[in-house]
>>> print(open('data38.cif').read())   # mmCIF, C-alpha atoms
data_protein
#
loop_
_atom_site.group_PDB
_atom_site.id
_atom_site.type_symbol
_atom_site.label_atom_id
_atom_site.label_comp_id
_atom_site.auth_asym_id
_atom_site.auth_seq_id
_atom_site.Cartn_x
_atom_site.Cartn_y
_atom_site.Cartn_z
ATOM 1 C CA MET B 263 18.480 58.245 -21.780
ATOM 2 C CA GLY B 264 15.492 60.516 -21.548
ATOM 3 C CA ASP B 265 12.954 62.495 -19.542
ATOM 4 C CA PHE B 266 11.376 59.965 -17.167
ATOM 5 C CA ASN B 267 9.200 62.444 -15.212
ATOM 6 C CA LEU B 268 9.504 60.574 -11.921
ATOM 7 C CA PRO B 269 10.303 63.343 -9.420
ATOM 8 C CA HIS B 270 10.109 61.302 -6.205
ATOM 9 C CA ILE B 271 13.088 59.017 -6.791
ATOM 10 C CA ASN B 272 16.087 59.487 -4.528
ATOM 11 C CA TRP B 273 18.914 58.214 -6.766
ATOM 12 C CA THR B 274 21.521 58.287 -3.999
ATOM 13 C CA THR B 275 19.539 55.770 -1.899
ATOM 14 C CA SER B 276 17.637 54.113 -4.794
ATOM 15 C CA GLN B 277 14.332 54.608 -2.976
ATOM 16 C CA SER B 278 11.050 55.898 -4.315
ATOM 17 C CA GLN B 279 7.308 56.015 -3.880
ATOM 18 C CA ALA B 280 4.887 53.942 -5.978
ATOM 19 C CA PRO B 281 5.429 55.009 -9.615
ATOM 20 C CA GLY B 282 9.203 55.372 -9.255
ATOM 21 C CA SER B 283 9.669 52.040 -7.478
ATOM 22 C CA LYS B 284 9.072 50.170 -10.743
ATOM 23 C CA LEU B 285 11.942 52.072 -12.379
ATOM 24 C CA ILE B 286 14.181 51.368 -9.361
ATOM 25 C CA ASP B 287 13.316 47.646 -9.670
ATOM 26 C CA LEU B 288 14.001 47.733 -13.409
ATOM 27 C CA THR B 289 17.414 49.347 -12.947
ATOM 28 C CA SER B 290 18.506 46.902 -10.241
ATOM 29 C CA THR B 291 17.150 43.841 -12.088
ATOM 30 C CA ASN B 292 18.988 44.797 -15.271
ATOM 31 C CA SER B 293 22.160 46.065 -13.576
ATOM 32 C CA LEU B 294 21.656 49.579 -14.916
ATOM 33 C CA GLN B 295 23.598 52.486 -13.481
ATOM 34 C CA GLN B 296 21.998 55.946 -13.458
ATOM 35 C CA HIS B 297 24.653 58.628 -14.098
ATOM 36 C CA VAL B 298 22.854 61.979 -13.547
ATOM 37 C CA ASN B 299 23.417 63.283 -10.008
ATOM 38 C CA GLU B 300 22.226 66.889 -10.301
ATOM 39 C CA PRO B 301 18.670 68.232 -10.669
ATOM 40 C CA THR B 302 17.551 68.694 -14.280
ATOM 41 C CA ARG B 303 14.231 70.420 -13.576
ATOM 42 C CA GLY B 304 13.620 72.355 -10.396
ATOM 43 C CA ASN B 305 14.983 70.256 -7.518
ATOM 44 C CA ASN B 306 14.294 66.961 -9.283
ATOM 45 C CA ILE B 307 16.395 64.604 -11.388
ATOM 46 C CA LEU B 308 13.929 63.877 -14.196
ATOM 47 C CA ASP B 309 16.299 63.454 -17.141
ATOM 48 C CA LEU B 310 18.278 60.240 -16.781
ATOM 49 C CA VAL B 311 21.233 58.571 -18.492
ATOM 50 C CA MET B 312 21.488 54.839 -17.710
ATOM 51 C CA THR B 313 24.027 52.256 -18.845
ATOM 52 C CA THR B 314 24.951 48.712 -17.916
ATOM 53 C CA ASP B 315 28.623 49.602 -17.605
ATOM 54 C CA LEU B 316 30.870 52.621 -17.287
ATOM 55 C CA THR B 317 30.695 53.814 -20.893
ATOM 56 C CA ILE B 318 30.095 57.447 -19.944
ATOM 57 C CA ASN B 319 32.928 59.986 -20.186
ATOM 58 C CA GLY B 320 32.279 63.122 -18.146
ATOM 59 C CA LEU B 321 28.633 64.003 -17.644
ATOM 60 C CA ASP B 322 27.658 67.628 -16.941
ATOM 61 C CA VAL B 323 24.261 69.174 -16.276
ATOM 62 C CA THR B 324 24.577 72.523 -18.066
ATOM 63 C CA ASN B 325 22.504 75.249 -19.734
ATOM 64 C CA LYS B 326 18.750 75.317 -19.538
ATOM 65 C CA ILE B 327 16.716 74.324 -22.602
ATOM 66 C CA GLY B 328 13.047 75.131 -22.060
ATOM 67 C CA ASP B 329 12.211 74.120 -18.505
ATOM 68 C CA HIS B 330 14.928 71.408 -18.246
ATOM 69 C CA GLN B 331 18.691 71.552 -17.835
ATOM 70 C CA MET B 332 20.751 70.133 -20.681
ATOM 71 C CA ILE B 333 22.859 67.010 -20.049
ATOM 72 C CA ASP B 334 26.207 66.947 -21.830
ATOM 73 C CA PHE B 335 28.129 63.668 -21.931
ATOM 74 C CA SER B 336 30.151 61.482 -24.249
ATOM 75 C CA LEU B 337 30.247 57.723 -24.651
ATOM 76 C CA LYS B 338 33.271 55.458 -24.726
ATOM 77 C CA VAL B 339 32.817 53.287 -27.794
ATOM 78 C CA GLN B 340 34.982 50.609 -29.315
ATOM 79 C CA ASP B 341 36.421 51.275 -32.744
ATOM 80 C CA PRO B 342 34.251 49.203 -35.132
ATOM 81 C CA ASN B 343 37.320 48.407 -37.216
ATOM 82 C CA THR B 344 39.035 46.505 -34.422
ATOM 83 C CA ARG B 345 38.819 42.766 -34.866
ATOM 84 C CA THR B 346 37.352 40.582 -32.191
ATOM 85 C CA GLN B 347 40.120 38.829 -30.324
ATOM 86 C CA TYR B 348 39.182 35.215 -29.732
ATOM 87 C CA LYS B 349 40.492 33.363 -26.725
ATOM 88 C CA GLN B 350 41.302 29.692 -26.270
ATOM 89 C CA VAL B 351 39.466 27.798 -23.527
ATOM 90 C CA PHE B 352 39.317 24.134 -22.572
ATOM 91 C CA ASP B 353 36.343 22.210 -23.958
ATOM 92 C CA TYR B 354 35.612 19.810 -21.101
ATOM 93 C CA LYS B 355 32.526 18.370 -22.842
ATOM 94 C CA LEU B 356 34.746 16.531 -25.337
ATOM 95 C CA THR B 357 37.310 15.331 -22.782
ATOM 96 C CA ASN B 358 38.060 11.632 -22.407
ATOM 97 C CA PHE B 359 38.614 11.614 -18.651
ATOM 98 C CA LYS B 360 39.183 7.843 -18.619
ATOM 99 C CA LEU B 361 42.275 8.196 -20.834
ATOM 100 C CA MET B 362 43.445 11.170 -18.803
ATOM 101 C CA ARG B 363 43.167 9.170 -15.556
ATOM 102 C CA GLU B 364 45.031 6.268 -17.183
ATOM 103 C CA GLU B 365 47.882 8.551 -18.247
ATOM 104 C CA LEU B 366 48.109 10.128 -14.796
ATOM 105 C CA GLY B 367 47.945 6.685 -13.167
ATOM 106 C CA SER B 368 50.678 5.221 -15.381
ATOM 107 C CA HIS B 369 53.454 7.072 -13.533
ATOM 108 C CA ASN B 370 55.245 5.631 -10.529
ATOM 109 C CA TYR B 371 54.981 8.668 -8.277
ATOM 110 C CA LYS B 372 56.815 6.919 -5.420
ATOM 111 C CA VAL B 373 59.932 6.650 -7.576
ATOM 112 C CA LEU B 374 59.484 10.082 -9.212
ATOM 113 C CA MET B 375 59.126 11.841 -5.862
ATOM 114 C CA SER B 376 61.574 9.896 -3.713
ATOM 115 C CA ASN B 377 64.212 12.055 -2.053
ATOM 116 C CA LYS B 378 62.389 15.253 -3.122
ATOM 117 C CA ASN B 379 61.146 18.091 -0.963
ATOM 118 C CA ALA B 380 57.500 19.293 -1.037
ATOM 119 C CA GLU B 381 58.199 22.002 -3.624
ATOM 120 C CA GLU B 382 59.877 19.548 -6.026
ATOM 121 C CA CYS B 383 57.060 17.007 -5.581
ATOM 122 C CA TYR B 384 54.513 19.731 -6.310
ATOM 123 C CA MET B 385 56.356 20.749 -9.493
ATOM 124 C CA ILE B 386 56.491 17.107 -10.709
ATOM 125 C CA LEU B 387 52.771 16.625 -10.082
ATOM 126 C CA LYS B 388 51.936 19.970 -11.698
ATOM 127 C CA GLU B 389 53.965 19.065 -14.814
ATOM 128 C CA LYS B 390 52.268 15.635 -15.105
ATOM 129 C CA ILE B 391 48.799 17.172 -14.816
ATOM 130 C CA ALA B 392 49.661 19.884 -17.350
ATOM 131 C CA THR B 393 50.954 17.271 -19.821
ATOM 132 C CA ALA B 394 47.832 15.111 -19.399
ATOM 133 C CA THR B 395 45.652 18.197 -19.829
ATOM 134 C CA GLU B 396 47.392 19.096 -23.101
ATOM 135 C CA HIS B 397 47.029 15.522 -24.381
ATOM 136 C CA HIS B 398 43.376 14.918 -23.479
ATOM 137 C CA ILE B 399 41.460 18.186 -23.148
ATOM 138 C CA LEU B 400 40.695 19.872 -26.447
ATOM 139 C CA ARG B 401 40.592 23.632 -26.748
ATOM 140 C CA LYS B 402 38.047 25.774 -28.527
ATOM 141 C CA ARG B 403 38.052 29.382 -29.675
ATOM 142 C CA VAL B 404 35.414 31.612 -28.103
ATOM 143 C CA ARG B 405 34.553 35.251 -28.418
ATOM 144 C CA PRO B 406 35.130 37.187 -25.249
ATOM 145 C CA THR B 407 31.952 38.442 -23.566
ATOM 146 C CA ASN B 408 31.213 41.304 -21.261
ATOM 147 C CA ASN B 409 29.480 38.908 -18.879
ATOM 148 C CA PRO B 410 31.181 37.796 -15.707
ATOM 149 C CA PRO B 411 32.594 34.256 -15.911
ATOM 150 C CA TRP B 412 29.793 32.822 -13.745
ATOM 151 C CA ILE B 413 27.131 33.839 -16.299
ATOM 152 C CA SER B 414 26.986 30.695 -18.437
ATOM 153 C CA GLN B 415 24.983 30.374 -21.653
ATOM 154 C CA GLU B 416 22.219 28.637 -19.688
ATOM 155 C CA ILE B 417 22.062 31.417 -17.100
ATOM 156 C CA GLN B 418 22.076 34.048 -19.873
ATOM 157 C CA ARG B 419 19.218 32.193 -21.588
ATOM 158 C CA LEU B 420 17.223 32.266 -18.323
ATOM 159 C CA ILE B 421 17.934 35.994 -17.836
ATOM 160 C CA ASN B 422 16.768 36.694 -21.397
ATOM 161 C CA ALA B 423 13.600 34.618 -20.844
ATOM 162 C CA ARG B 424 12.851 36.499 -17.626
ATOM 163 C CA GLN B 425 13.328 39.873 -19.331
ATOM 164 C CA HIS B 426 11.183 38.764 -22.262
ATOM 165 C CA SER B 427 8.365 37.779 -19.861
ATOM 166 C CA TYR B 428 8.274 41.348 -18.518
ATOM 167 C CA ARG B 429 7.373 42.726 -21.939
#
>>> encode(input="data38.cif", output="structure tokens")
Amino acid sequence: MGDFNLPHINWTTSQSQAPGSKLIDLTSTNSLQQHVNEPTRGNNILDLVMTTDLTINGLDVTNKIGDHQMIDFSLKVQDPNTRTQYKQVFDYKLTNFKLMREELGSHNYKVLMSNKNAEECYMILKEKIATATEHHILRKRVRPTNNPPWISQEIQRLINARQHSYR
């Protein structure tokens, strides 16, 4: 949030001339969203509010203070007293796949699935896989993240290293 003094940025198309192009690159690289859509000084949007997610509740460009318009907005914040809810996920690194394959291979599927329709065969196979999963794949508690599921710890580490190199 602040007065960026870059008058030649078109925020609807995310295009700009030389000095503003670096800010456009920075916002797209870091997944920042710029929320001010009305001019804050003359015909230019100079005062910006940027976030990485939709944490802004109602943003209004209102009364003039000095030579700039005032920006009035509120943030959605999580109550600090709420406890972090952990979730259970499978820990595949500690899985003994050999034992799991042995358990799944120990069943006589020809006998189990004889005289069954496709739906019944599917349900038998699904139940056997679920049982083997419960027996052989440990679970671990993890804190939920705001990252999409495809952002692994390794990818996050690389993103952080890239951002650190820009400093």
>>> atom_distance(input="data38.cif", atom1="atom CA of B:Gln277", atom2="atom CA of B:Leu420")
27.3 Å
>>> atom_distance(input="data38.cif", atom1="atom CA of B:Asn319", atom2="atom CA of B:Ser290")
21.9 Å
>>> residues_around(input="data38.cif", residues="stretch 294-300 of chain B", least_positions_apart="6", cutoff="10 Å", atoms="all atoms listed in the file", output="ChimeraX atom specification")
/B:263,272-274,276,286,288,306-316,318,320-324,331,333,335
>>> residues_near_point(input="data38.cif", point="(47.2, 5.8, -17.7)", cutoff="12 Å", atoms="all atoms listed in the file", output="JSON, numbers by chain")
{"B": [358, 359, 360, 361, 362, 363, 364, 365, 366, 367, 368, 369, 370, 390, 391, 394, 397, 398]}
>>> axis_aligned_box(input="data38.cif", around="stretch 358-371 of chain B", padding_each_side="8 Å", output="JSON")
{"center_x": 46.7, "center_y": 8.4, "center_z": -15.3, "size_x": 33.2, "size_y": 22.4, "size_z": 30.1}
>>> atom_distance(input="data38.cif", atom1="atom CA of B:His270", atom2="atom CA of B:Ile327")
22.0 Å
>>> resolve_selection(input="data38.cif", expression="the PyMOL selection byres ((chain B and resi 348) around 10)", output="list in words")
Arg345, Thr346, Gln347, Lys349, Gln350, Val351, Lys402, Arg403, Val404, Arg405 and Pro406 of chain B
>>> closest_residue(input="data38.cif", among="B:Asn408, B:Arg429, B:Arg424, B:Leu356", to="B:Thr291", atoms="all atoms listed in the file")
B:Arg424
>>> closest_residue(input="data38.cif", among="B:Gln418, B:Lys355, B:Asp265, B:Glu396", to="B:Asp329", atoms="all atoms listed in the file")
B:Asp265
